[in-house]
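Written out below as structure tokens is the structure these notes cover.
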Amino acid sequence: MSNLFSKIYPPSITINHQKLQQNSSTIRCCSNSNNDEHFSTEHNGWILNSFPEKNLVQHQHGIIKPPRPKRIILVRHGESEGNVDESVYTRVADPKVGLTEEGVIEAEGCGRKMREMIEKNGGDDWKVYFYVSPYKRGIETLRNLAKSFERSRIAGVREEPRLREQDFGNFQDREQMKIEKAVRARYGRFFYRFPNGESAADVYDRITGFRETLRSDIDIGRFEPPGQQSPNMNLVIVSHGLTLRVFLMRWYKWTVEQFEGLHNMTNGGMIVMERGYGGRYCLSMHHTKEELQKFGMTDEMLIDQEWQKIAKPGELNYDCLITGPSYFTHFDDEDKIFEL
């Protein structure tokens, strides 16, 4: 690791918050289209920049925030060897379980559907940026769905370990796992922790960290160079069933009870969070009520999605049935007194 960093930031280069000083390399000052200066240097073929994406574009009326991506598209990996035969987990490490032939077909089909959706209402300058689980089935899903996109349409990709599958405890004993899953059904799917593994609550904690990274990336428009960000960017998260359900739970502040009522996405399936009229991401912009009900969303969750459709980022839904009156039991008594 030290060799890698020494290649990126060689000893002869001193990096400062304001400038780069050189001992042996030639430093040049670069300007972008807005005449904002930042420093870069070339050293042994490497171009070093002082993170220009963090420099928000200046305008005569103040700082211009980059546009928010149009969609956040959640993709579950295609059918894996473990989905077909759970005994695979007894001899193959979970991160090394790959796709079946059917899983490859599902991933390719997902890519075609995704492109069709984007082109239907994506603008001429649309692109995709990928976040992907490091598990083999996640990487293989990414590579196969990405066949639908030429190089110019792919803005970038980032492998993100926090998007990995729930940890079930290294190599699995098939019979013992049947017992553990039966116990989980009685204990509760969210809080039950597998021996030497994770609970969904543990996944929630690491997804919270990823969510903050994602929001930061969105806020500074990290997906394209400063001044060139397009509102037609599409973020694609390739991950696993439970991890994606937990991501949605965390994003929309769903309760544990509501999470436990959700159903898994199909292999190679998509759930689309699309930018609403006010700028927030909403599931009902793309999905029908029937599709969301099939996923396991309750009436209260659907009502909140209608609010998400028109709300602005940073606004709070003070009348939300998910986080408001449903927690209290004495309001009904008060309402009866007022009626009298």
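FYI, nothing fancy with the structure tokens labels: chains A, B, ... in order, residues from 1 per chain, ligands from 1 as they appear.
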Output as a ChimeraX atom specification all residues of region 125-192 of chain A that backbone DSSP marks as strand (DSSP E). /A:127-132,154-159
Restricting the output to N, CA and C atoms, write the selected residues as a PDB file, in the first residue's frame.
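Result written to again.pdb:
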ATOM      1  N   LYS A 127     -25.525   9.997 -18.875  1.00  0.00           N
ATOM      2  CA  LYS A 127     -24.446   9.047 -18.594  1.00  0.00           C
ATOM      3  C   LYS A 127     -24.832   8.194 -17.395  1.00  0.00           C
ATOM      4  N   VAL A 128     -24.033   7.151 -17.151  1.00  0.00           N
ATOM      5  CA  VAL A 128     -24.233   6.304 -15.978  1.00  0.00           C
ATOM      6  C   VAL A 128     -22.942   6.248 -15.173  1.00  0.00           C
ATOM      7  N   TYR A 129     -23.099   6.192 -13.863  1.00  0.00           N
ATOM      8  CA  TYR A 129     -21.962   6.039 -12.951  1.00  0.00           C
ATOM      9  C   TYR A 129     -22.316   4.900 -12.006  1.00  0.00           C
ATOM     10  N   PHE A 130     -21.390   3.948 -11.831  1.00  0.00           N
ATOM     11  CA  PHE A 130     -21.684   2.732 -11.089  1.00  0.00           C
ATOM     12  C   PHE A 130     -20.992   2.685  -9.727  1.00  0.00           C
ATOM     13  N   TYR A 131     -21.735   2.226  -8.724  1.00  0.00           N
ATOM     14  CA  TYR A 131     -21.185   1.754  -7.451  1.00  0.00           C
ATOM     15  C   TYR A 131     -21.468   0.254  -7.406  1.00  0.00           C
ATOM     16  N   VAL A 132     -20.477  -0.558  -7.043  1.00  0.00           N
ATOM     17  CA  VAL A 132     -20.674  -2.000  -7.135  1.00  0.00           C
ATOM     18  C   VAL A 132     -20.093  -2.726  -5.924  1.00  0.00           C
ATOM     19  N   ILE A 154     -20.370   5.842 -20.020  1.00  0.00           N
ATOM     20  CA  ILE A 154     -20.011   5.421 -18.663  1.00  0.00           C
ATOM     21  C   ILE A 154     -19.085   6.468 -18.037  1.00  0.00           C
ATOM     22  N   ALA A 155     -19.621   7.183 -17.045  1.00  0.00           N
ATOM     23  CA  ALA A 155     -18.847   8.246 -16.404  1.00  0.00           C
ATOM     24  C   ALA A 155     -17.807   7.693 -15.445  1.00  0.00           C
ATOM     25  N   GLY A 156     -18.039   6.521 -14.881  1.00  0.00           N
ATOM     26  CA  GLY A 156     -17.074   5.943 -13.955  1.00  0.00           C
ATOM     27  C   GLY A 156     -17.673   4.791 -13.174  1.00  0.00           C
ATOM     28  N   VAL A 157     -16.846   4.173 -12.360  1.00  0.00           N
ATOM     29  CA  VAL A 157     -17.288   3.064 -11.513  1.00  0.00           C
ATOM     30  C   VAL A 157     -16.447   3.069 -10.247  1.00  0.00           C
ATOM     31  N   ARG A 158     -17.083   2.702  -9.145  1.00  0.00           N
ATOM     32  CA  ARG A 158     -16.368   2.600  -7.873  1.00  0.00           C
ATOM     33  C   ARG A 158     -16.760   1.311  -7.171  1.00  0.00           C
ATOM     34  N   GLU A 159     -15.779   0.488  -6.836  1.00  0.00           N
ATOM     35  CA  GLU A 159     -16.043  -0.697  -6.023  1.00  0.00           C
ATOM     36  C   GLU A 159     -16.222  -0.246  -4.585  1.00  0.00           C
TER      37      GLU A 159
END
Could you pull the residues within 12 Å of Glu315 (chain A), counting only C-alpha atoms, minus those fewer than 4 positions along the same chain, as a PyMOL selection string? chain A and resi 278-280+307-308+310-311+319-320
Include N, CA, C and O atoms and write out the residues we just selected as a compact mmCIF listing (two decimals), in the first residue's frame.
# COMPACT_ATOMS: atom_id res chain seq x y z
N GLY A 278 -39.70 18.38 -6.94
CA GLY A 278 -39.02 19.30 -6.03
C GLY A 278 -37.53 19.02 -5.88
O GLY A 278 -36.82 19.80 -5.26
N GLY A 279 -37.06 17.88 -6.41
CA GLY A 279 -35.64 17.56 -6.34
C GLY A 279 -35.29 16.36 -5.50
O GLY A 279 -34.16 15.89 -5.53
N ARG A 280 -36.25 15.84 -4.70
CA ARG A 280 -35.98 14.66 -3.89
C ARG A 280 -36.17 13.40 -4.74
O ARG A 280 -36.85 13.42 -5.77
N TRP A 307 -45.55 12.45 -1.14
CA TRP A 307 -44.94 13.68 -0.61
C TRP A 307 -43.52 13.83 -1.14
O TRP A 307 -43.11 14.94 -1.52
N GLN A 308 -42.77 12.73 -1.18
CA GLN A 308 -41.40 12.78 -1.70
C GLN A 308 -41.38 13.28 -3.15
O GLN A 308 -40.43 13.93 -3.59
N ILE A 310 -42.99 15.67 -4.56
CA ILE A 310 -43.08 17.13 -4.74
C ILE A 310 -42.19 17.91 -3.78
O ILE A 310 -42.01 19.11 -3.95
N ALA A 311 -41.61 17.24 -2.77
CA ALA A 311 -40.83 17.93 -1.75
C ALA A 311 -39.44 18.30 -2.25
O ALA A 311 -38.91 17.72 -3.20
N ASP A 319 -46.15 15.70 8.83
CA ASP A 319 -47.37 14.90 8.95
C ASP A 319 -47.14 13.45 8.54
O ASP A 319 -48.10 12.71 8.31
N CYS A 320 -45.88 13.05 8.45
CA CYS A 320 -45.56 11.70 7.98
C CYS A 320 -46.10 10.66 8.96
O CYS A 320 -45.84 10.71 10.16
Distance criterion (only C-alpha atoms): nearest to Leu142 (chain A) out of A:Ala200, A:Val238, A:Met117, A:Ile207: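 Checking each of A:Ala200, A:Val238, A:Met117, A:Ile207 against Leu142 (chain A), counting only C-alpha atoms, the winner is A:Val238.
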What lies within 10 Å of region 98-108 of chain A using only C-alpha atoms, ignoring chain neighbours under 4 positions off, as JSON, numbers by chain? {"A": [75, 76, 77, 78, 79, 80, 81, 82, 83, 84, 92, 94, 112, 113, 114, 135, 136, 137, 138, 139, 140, 141, 142, 143, 144, 145, 146, 147, 148, 266, 267, 268, 269]}
List as a tab-separated table every residue of region 234-308 of chain A that is in contact with region 177-197 of chain A, defined as an atom at most 9 Å from one of its atoms (using only C-alpha atoms), together with the nearest atom pair and the distance in Å rounded to one decimal, sorted by chain and then rising number.
residue	atom	partner	partner_atom	distance
A:Val256	CA	A:Phe190	CA	6.8
A:Glu257	CA	A:Phe190	CA	8.8
A:Phe259	CA	A:Phe190	CA	7.8
A:Glu260	CA	A:Arg189	CA	6.4
Which residue out of A:Lys309, A:Lys96, A:Arg275, A:Lys289 has the minimum interatomic distance to Ile72 (chain A) when only C-alpha atoms are used?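 Closest to Ile72 (chain A), using only C-alpha atoms: A:Arg275.
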